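Below: the structure, in structure tokens.
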Amino acid sequence: MHIVDRRLNPGSKSLENRQRFLRRAKALVQGAVKKSSQDRDIKDVLEGGEISIPLDGMNEPRFRREGGTRDMVLPGNKKFVEGDMLPRSGEGRGKASDPGEGDSEDAFRFVLSRDEFVDLFLDDLELPDLAKRKLAQAEGEGIRRAGYATSGSPANISVGRTVRLAMARRVALRRPRPEQIAELEEEAAHADEGRRAELMAEIDALKAKIRRIPFIDPIDIRYRRFETTPKPVAQAVMFCLMDVSGSMTEHMKDLAKRFYMLLYVFLKRRYRHVEIVFIRHTDRAEEVDEDTFFHGPASGGTLVSSALQAMHDIVRSRFRPADWNIYAAQASDGDNSSSDGEVAARLLTEMILPVSQFFAYLEVGESGGHTFDLSDSSLWSLYQRLRAEGAPLSMRKVSDRSEIFPVFHELFHRRGKQERAAP
Amino acid sequence: MSETTERLFEGADWDFRTLQRVHDACEEIARSELGLDVYPNQIEVITAEQMLDAYSSVGMPLFYKHWSFGKHFAHQEASYRKGFMGLAYEIVINSSPCISYLMEENTATMQTLVIAHAAFGHNHFFKNNYLFKQWTDAEGILDYLDFAKGYVAQCEERHGRLAVEQTLDAAHALMSHGIDRYPGKKKLDLRVEEKRAGERRQHEESAFNDLWRTVPTGPVKSQASLNTEMRRKLLGLPQENLLYFLEKAAPRLKPWQRELLRIVRHIAQYFYPQSQTKVMNEGTATYVHYRIMNRLHEQGRITDGNFLEFLSSHTNVVFQPDFDDRRFSGFNPYALGFAMMQDIERIVTDPDAEDREWFPEIAGKGDAMAVLRDIWANYRDESFISQFLSPRLMRHMRMFHLHDNPEITEGIKVDAIHDERGFRRIRRELSKQYDVGFIDPNIEVVDVDLAGDRRLMLRHTVVKGQRLNEADARRVLQHLADLWSYDVSLVEVDASDNVLKEYILNPRGMAAAA
């Protein structure tokens, strides 16, 4: 008997099958992921979780029968005697042959891991117009195979190549093969005296030759060579500008934070070289860290230009537009003090938009969306005007939680080649 | 005897030396007392995660890749994580050496139970039952699966994943109809044939009567019907093994597609005996582990505490809920099998008058193991139940037979209960429930329209009014049409040849394969 300990074998033998299944069910799973992400907290989205998809298209059909006369033998009879008639329970049983029955199959439920979930969730999103690429100085990563070398670390010996070269050398130098010697020895064993001496001499000569020509010579040895290659890295910075003034209700702040949370997850997940700058503003703007941005309380009046000015300052001091792809997403309820409009417009058109790849504006409203029935907010009409003048602005309105993802999706949807601005 | 009273282990912990000791102790009992004849054992210790992996590839240690296994895995993982489903203590593979997977979480007692159950009970059954001998090749299966896995991967590389997936999807849909139910023709032996021809001639001579010549024969067969007969003979029709038929006769399949169908067919065939012997296989293994564990306890090799632990899980395994219990989901093969094995042991060693009347062959023969070994070797579930289900056991389990005819509006009829008049009917009906002839719908290829549009014609013989589920039948036939690459029709006919329904499907284009 053998005992084999398989516990140390690489697990997840089913991983590939699972991936095949997910790939096949991708459209369905993606739909389910988006649907399930609408009614959960954005933070929980990161945790993955159970989803259910309709079985259609994923089923494995077999010939199976239904209806007709059925006979069954069951255990545990308590009071029946032969000839009893048992009423059919409900309707389910008698109508087994109903054509509608096939559709009532349960949905297929399973658990997605965190990575699978987020990947599917963000699958078709990207930062638009990520055009400026440059070679990052410090980051010389990326190792590439680069042929063979005659020196190297023993761990990198290329056995196949070495043996091949050794064989070529042995053939070229006509190294005698052991079989050849064995053959001669065999012959010598049966040969007569004179012939044997002759054979022995020959064998000795061959053996000497074998010793002279080694099986593997140091000159045969080859090592796999690796090269590090610098990789072009696109650097990007995302500015998150959030209005936290008194006019923003809790609901609006919640919407804005959800949007940024989503943005944050998306960027962290998909891009390794993205800096995120959080700016919140009332009538003064300040750069804050991520924790304060999402959780810190603040209140006050509204001056949008303060945030734009802050962004401009930061760009000038830290992010050279020549090297960086600059993005900004602004969320606000649209209120702005009337005197500030022109200042904001000038800052935006002259300083910010020329250096940005993309500027998104998200206007948050009360739930129910009444506010949108009224005239447009001051900021909205200002941006509308700028857009009409040709500024690269994207604008969306959101008044309900469930709209966040669709809007986000629209803003960052992967665009076709021709739609993308030429680099 | 001081050696035998030495404990195999103390407490719940075990290591590989413990497993070795346990195996040797079980082997001694299995061979000398029970007279079992087993393949060499290979015991593999695995984790729960690996057990889940094994579940999704039908318990085999290696298998080709296909999305449907991933689907099962996702589903099983979800229900396992939520605690809906426990994992089996073991999986055993019909191969030589016989591989048993043991979970690392099991306690020492459980490992002993599992070794006795799988490595000796199942193993003996695999090696000796006639179905397994006839249909499976224990030595070759792992190599074959290895080949299959490699071949499928190679096809994916060469012909594209999509094309391979479509072919496998179609083959899987037809898997239940890819089985040879009868052993193929044996190679003719010239001497035997000559002898038989001689005997036949002698019989004809001795029974010659000139009167036979004057008996009128049937009407002369027309040319058309002769043609049909000829064609059907050439194509080997009617053919119930749909995958075999497609592999041999589908006009436009590529050689690699035929090979894939063959692989799926071989694997279906490998599992064919298992589906026919669930009750016997589990009954045998449970009976064997029960005997071995009891013996180990008698010898003092396991403590009373460990023995109680064994009894508790044994009782769980052979628990049979009543039909009106919420936990009921049909007969538990472990319970039914074990009860029958024990019943047979009783009949052989200590029969009463009823047993002598019902089982004159075995009642009171004395050597229970000899009788059981013979049964294990020569029966399958259907024949086993119809021969050996005793009235006493039917009474004990309080079996009854229900007859549900939708045309009787008053309800479902209780047709037989465990009384003198009902025993034989119950036994017949229960054995039918395990008869593969009734479990799978009877579908055959009957003809191909070779002169016309090459339509493939199938026929489902409807038994007891049980028709095919329409949605699924359409999907399966669609797969069939894709493989056949011309139209496919299926008619459902009842016993008196009335056509109840006809399906016709056209092939979709398969992914272009290079």
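In the structure tokens, each chain is lettered A, B, ... as it comes, each chain's residues begin at 1, and ligands are numbered from 1 in order of appearance.
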
Mind dumping a table of every chain A residue within 7 Å of chain B, with the nearest atom pair and its distance in Å to one decimal, using only C-alpha atoms, sorted by chain and rising number, as a tab-separated table?
```
residue	atom	partner	partner_atom	distance
A:Met1	CA	B:Asn41	CA	5.0
A:His2	CA	B:Gln42	CA	4.7
A:Ile3	CA	B:Ile43	CA	4.7
A:Val4	CA	B:Glu44	CA	4.6
A:Asp5	CA	B:Val45	CA	5.0
A:Arg6	CA	B:Ile46	CA	5.2
A:Arg7	CA	B:Ile46	CA	4.8
A:Gly11	CA	B:Gln50	CA	6.2
A:Ser12	CA	B:Asp53	CA	6.8
A:Lys13	CA	B:Asp53	CA	6.1
A:Ser14	CA	B:Asp53	CA	5.5
A:Asn17	CA	B:Gly70	CA	4.2
A:Arg18	CA	B:Gly70	CA	3.8
A:Arg20	CA	B:Trp67	CA	4.9
A:Phe21	CA	B:Trp67	CA	4.4
A:Glu60	CA	B:Ala173	CA	6.4
A:Pro61	CA	B:Asp472	CA	5.3
A:Arg62	CA	B:Ala173	CA	5.3
A:Phe63	CA	B:Ala473	CA	5.5
A:Arg64	CA	B:Leu468	CA	5.6
A:Arg65	CA	B:Leu468	CA	4.2
A:Glu66	CA	B:Gln466	CA	5.4
A:Gly67	CA	B:Gln466	CA	5.2
A:Gly68	CA	B:Gly465	CA	4.1
A:Thr69	CA	B:Asn405	CA	4.5
A:Arg70	CA	B:Asp404	CA	5.0
A:Asp71	CA	B:His403	CA	4.7
A:Met72	CA	B:Leu402	CA	5.3
A:Val73	CA	B:His401	CA	4.4
A:Leu74	CA	B:Met399	CA	5.5
A:Pro75	CA	B:Met399	CA	4.3
A:Gly76	CA	B:Asp322	CA	4.5
A:Asn77	CA	B:Arg398	CA	5.1
A:Val81	CA	B:Ile417	CA	6.3
A:Glu82	CA	B:Ala416	CA	5.1
A:Gly83	CA	B:Val414	CA	5.3
A:Asp84	CA	B:Val414	CA	5.2
A:Met85	CA	B:Lys413	CA	4.7
A:Leu86	CA	B:Ile412	CA	5.0
A:Pro87	CA	B:Gly411	CA	4.4
A:Arg88	CA	B:Gly411	CA	5.3
A:Gly94	CA	B:Pro406	CA	6.2
A:Gly102	CA	B:Ala471	CA	6.9
A:Arg109	CA	B:His75	CA	6.6
A:Phe110	CA	B:Ala78	CA	5.1
A:Val111	CA	B:Ala78	CA	5.6
```

Next on the checklist: Could you check the closest approach to His295 of chain A for each of A:Asp323, A:Ser399, A:Lys253, A:Glu389 and tell me which residue wins, using only C-alpha atoms?
Outcome noted: A:Lys253

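For Glu27 of chain B, the list of residues within 9 Å, based on only C-alpha atoms and with local chain neighbours fewer than 6 positions off taken out, reads Leu36, Ala116 and Phe120 of chain B.
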
Checklist entry - Which polymer residues have any atom within 7 Å of an atom of Val398 of chain A, counting only C-alpha atoms, with same-chain residues fewer than 5 positions away left out, as a PyMOL selection string? => result chain A and resi 363-365+403-404

Item to check | Secondary structure check, helix (DSSP H, G or I) residues of segment 231-371 of chain B, as a PyMOL selection string | outcome: chain B and resi 231-234+242-249+255-276+278-298+304-317+333-349+353-358+368-371

Next on the checklist: So that I can check the surroundings of Glu366 of chain A, please list as a list of chain:residue names every protein, DNA and RNA residue that reaches within 12 Å of it, counting only C-alpha atoms and ignoring chain neighbours fewer than 4 positions away.
Outcome noted: A:Ser247, A:Met248, A:Thr249, A:Glu250, A:His251, A:Met252, A:Lys253, A:Asp254, A:Leu255, A:Ala256, A:Ser332, A:Asp333, A:Gly334, A:His370, A:Thr371, A:Phe372, A:Asp373, A:Lys397, A:Val398, A:Ser399, A:Asp400, A:Arg401

Restrict the selected residues to N, CA and C atoms and save them as a PDB file, in the first residue's frame.
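Written output follows (out-v8.pdb):
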```
ATOM      1  N   SER A 247     -25.093  74.364   1.767  1.00  0.00           N
ATOM      2  CA  SER A 247     -26.251  74.073   0.920  1.00  0.00           C
ATOM      3  C   SER A 247     -26.315  72.603   0.510  1.00  0.00           C
ATOM      4  N   MET A 248     -25.208  71.906   0.656  1.00  0.00           N
ATOM      5  CA  MET A 248     -25.228  70.478   0.337  1.00  0.00           C
ATOM      6  C   MET A 248     -25.910  69.736   1.484  1.00  0.00           C
ATOM      7  N   THR A 249     -27.006  69.035   1.180  1.00  0.00           N
ATOM      8  CA  THR A 249     -27.664  68.262   2.235  1.00  0.00           C
ATOM      9  C   THR A 249     -26.912  66.961   2.457  1.00  0.00           C
ATOM     10  N   GLU A 250     -27.294  66.243   3.496  1.00  0.00           N
ATOM     11  CA  GLU A 250     -26.657  64.962   3.772  1.00  0.00           C
ATOM     12  C   GLU A 250     -26.774  64.027   2.571  1.00  0.00           C
ATOM     13  N   HIS A 251     -27.959  64.054   1.973  1.00  0.00           N
ATOM     14  CA  HIS A 251     -28.202  63.179   0.827  1.00  0.00           C
ATOM     15  C   HIS A 251     -27.232  63.494  -0.307  1.00  0.00           C
ATOM     16  N   MET A 252     -27.054  64.780  -0.576  1.00  0.00           N
ATOM     17  CA  MET A 252     -26.157  65.166  -1.671  1.00  0.00           C
ATOM     18  C   MET A 252     -24.720  64.768  -1.378  1.00  0.00           C
ATOM     19  N   LYS A 253     -24.329  65.000  -0.123  1.00  0.00           N
ATOM     20  CA  LYS A 253     -22.956  64.631   0.233  1.00  0.00           C
ATOM     21  C   LYS A 253     -22.760  63.120   0.085  1.00  0.00           C
ATOM     22  N   ASP A 254     -23.804  62.407   0.482  1.00  0.00           N
ATOM     23  CA  ASP A 254     -23.741  60.958   0.359  1.00  0.00           C
ATOM     24  C   ASP A 254     -23.527  60.548  -1.098  1.00  0.00           C
ATOM     25  N   LEU A 255     -24.300  61.190  -1.976  1.00  0.00           N
ATOM     26  CA  LEU A 255     -24.173  60.876  -3.405  1.00  0.00           C
ATOM     27  C   LEU A 255     -22.759  61.174  -3.897  1.00  0.00           C
ATOM     28  N   ALA A 256     -22.281  62.381  -3.536  1.00  0.00           N
ATOM     29  CA  ALA A 256     -20.960  62.784  -4.004  1.00  0.00           C
ATOM     30  C   ALA A 256     -19.892  61.828  -3.495  1.00  0.00           C
ATOM     31  N   SER A 332     -20.861  68.842  -7.009  1.00  0.00           N
ATOM     32  CA  SER A 332     -21.417  69.998  -6.311  1.00  0.00           C
ATOM     33  C   SER A 332     -22.926  69.989  -6.482  1.00  0.00           C
ATOM     34  N   ASP A 333     -23.609  70.789  -5.661  1.00  0.00           N
ATOM     35  CA  ASP A 333     -25.050  70.897  -5.859  1.00  0.00           C
ATOM     36  C   ASP A 333     -25.378  71.983  -6.878  1.00  0.00           C
ATOM     37  N   GLY A 334     -24.356  72.641  -7.351  1.00  0.00           N
ATOM     38  CA  GLY A 334     -24.579  73.627  -8.398  1.00  0.00           C
ATOM     39  C   GLY A 334     -24.715  75.045  -7.899  1.00  0.00           C
ATOM     40  N   HIS A 370     -36.634  66.776  -7.870  1.00  0.00           N
ATOM     41  CA  HIS A 370     -37.448  67.972  -8.124  1.00  0.00           C
ATOM     42  C   HIS A 370     -36.594  69.136  -8.587  1.00  0.00           C
ATOM     43  N   THR A 371     -35.441  69.236  -7.974  1.00  0.00           N
ATOM     44  CA  THR A 371     -34.622  70.415  -8.241  1.00  0.00           C
ATOM     45  C   THR A 371     -34.338  70.576  -9.727  1.00  0.00           C
ATOM     46  N   PHE A 372     -34.305  69.453 -10.434  1.00  0.00           N
ATOM     47  CA  PHE A 372     -33.951  69.559 -11.848  1.00  0.00           C
ATOM     48  C   PHE A 372     -35.104  70.094 -12.683  1.00  0.00           C
ATOM     49  N   ASP A 373     -36.289  70.027 -12.094  1.00  0.00           N
ATOM     50  CA  ASP A 373     -37.415  70.574 -12.848  1.00  0.00           C
ATOM     51  C   ASP A 373     -37.347  72.099 -12.884  1.00  0.00           C
ATOM     52  N   LYS A 397     -26.079  64.745 -14.173  1.00  0.00           N
ATOM     53  CA  LYS A 397     -26.816  65.031 -12.945  1.00  0.00           C
ATOM     54  C   LYS A 397     -27.219  63.715 -12.287  1.00  0.00           C
ATOM     55  N   VAL A 398     -27.173  63.721 -10.968  1.00  0.00           N
ATOM     56  CA  VAL A 398     -27.527  62.521 -10.220  1.00  0.00           C
ATOM     57  C   VAL A 398     -28.393  62.943  -9.056  1.00  0.00           C
ATOM     58  N   SER A 399     -29.513  62.254  -8.869  1.00  0.00           N
ATOM     59  CA  SER A 399     -30.314  62.607  -7.698  1.00  0.00           C
ATOM     60  C   SER A 399     -30.654  61.387  -6.867  1.00  0.00           C
ATOM     61  N   ASP A 400     -30.254  60.219  -7.354  1.00  0.00           N
ATOM     62  CA  ASP A 400     -30.597  59.028  -6.582  1.00  0.00           C
ATOM     63  C   ASP A 400     -29.421  58.057  -6.586  1.00  0.00           C
ATOM     64  N   ARG A 401     -29.315  57.364  -5.496  1.00  0.00           N
ATOM     65  CA  ARG A 401     -28.238  56.405  -5.337  1.00  0.00           C
ATOM     66  C   ARG A 401     -28.067  55.465  -6.527  1.00  0.00           C
TER      67      ARG A 401
END
```

Checklist entry - Could you pull out all residues of segment 99-335 of chain B with a DSSP call of strand (DSSP E or B) and give them as a VMD selection string? => result chain B and resid 99 to 103 239

With N, CA and C atoms retained, could you export that selection as an mmCIF file, in the first residue's frame?
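Contents of out.cif, as written:
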```cif
data_model
loop_
_atom_site.group_PDB
_atom_site.id
_atom_site.type_symbol
_atom_site.label_atom_id
_atom_site.label_comp_id
_atom_site.auth_asym_id
_atom_site.auth_seq_id
_atom_site.Cartn_x
_atom_site.Cartn_y
_atom_site.Cartn_z
ATOM 1 N N ILE B 99 -7.403 4.059 -5.801
ATOM 2 C CA ILE B 99 -7.045 5.282 -5.089
ATOM 3 C C ILE B 99 -8.197 5.707 -4.185
ATOM 4 N N SER B 100 -7.911 5.875 -2.894
ATOM 5 C CA SER B 100 -8.919 6.432 -1.988
ATOM 6 C C SER B 100 -8.415 7.778 -1.494
ATOM 7 N N TYR B 101 -9.262 8.785 -1.584
ATOM 8 C CA TYR B 101 -8.904 10.083 -1.049
ATOM 9 C C TYR B 101 -9.471 10.213 0.350
ATOM 10 N N LEU B 102 -8.635 10.532 1.299
ATOM 11 C CA LEU B 102 -9.118 10.766 2.655
ATOM 12 C C LEU B 102 -8.951 12.240 2.974
ATOM 13 N N MET B 103 -9.938 12.794 3.652
ATOM 14 C CA MET B 103 -9.831 14.196 4.035
ATOM 15 C C MET B 103 -8.946 14.327 5.255
ATOM 16 N N GLN B 239 -29.752 2.125 -33.724
ATOM 17 C CA GLN B 239 -28.607 2.283 -32.836
ATOM 18 C C GLN B 239 -29.006 3.167 -31.667
#
```

Residues within 10 Å of Glu139 of chain B, please, as an mmCIF file with C-alpha atoms, in the first residue's frame. Count only C-alpha atoms; anything in the same chain fewer than 3 positions from it doesn't count.
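So result-v2.cif came out as:
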```cif
data_model
loop_
_atom_site.group_PDB
_atom_site.id
_atom_site.type_symbol
_atom_site.label_atom_id
_atom_site.label_comp_id
_atom_site.auth_asym_id
_atom_site.auth_seq_id
_atom_site.Cartn_x
_atom_site.Cartn_y
_atom_site.Cartn_z
ATOM 1 C CA TYR B 39 -6.690 -4.236 -5.950
ATOM 2 C CA ASN B 94 -12.162 2.384 -9.625
ATOM 3 C CA SER B 95 -8.603 2.009 -10.776
ATOM 4 C CA SER B 96 -5.680 -0.244 -10.129
ATOM 5 C CA PRO B 97 -4.107 0.649 -7.767
ATOM 6 C CA CYS B 98 -7.370 1.649 -6.175
ATOM 7 C CA THR B 136 -14.236 -0.850 -17.135
ATOM 8 C CA LEU B 142 -5.964 6.967 -15.288
ATOM 9 C CA ASP B 143 -3.770 6.755 -18.344
ATOM 10 C CA TYR B 144 -6.794 7.229 -20.539
#
```

Next on the checklist: Counting only C-alpha atoms, which residue out of A:Ala388, A:Ile279, A:Ile157, A:Leu263 sits closest to Tyr223 of chain A?
Outcome noted: A:Ile157

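Distances from B:Ser386, B:Ser222, B:Gln166, B:Gln299 to Cys26 of chain B were compared using only C-alpha atoms, and the smallest one belongs to B:Gln299.
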
What lies within 7 Å of Tyr327 of chain A using only C-alpha atoms, ignoring chain neighbours under 4 positions off, as a PDB file with C-alpha atoms, in the first residue's frame?
```pdb
ATOM      1  CA  VAL A 237      -3.329  62.474 -11.515  1.00  0.00           C
ATOM      2  CA  MET A 238      -6.960  62.708 -10.613  1.00  0.00           C
ATOM      3  CA  PHE A 239      -8.259  65.733  -8.796  1.00  0.00           C
ATOM      4  CA  SER A 356      -6.502  68.563 -18.459  1.00  0.00           C
ATOM      5  CA  GLN A 357      -7.281  65.461 -20.413  1.00  0.00           C
ATOM      6  CA  PHE A 358     -10.759  65.245 -19.051  1.00  0.00           C
ATOM      7  CA  PHE A 359     -12.940  67.206 -16.695  1.00  0.00           C
TER       8      PHE A 359
END
```

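Reported to one decimal place, the separation of atom CA of Asn281 of chain B from atom CA of Phe132 of chain B is 11.0 Å.
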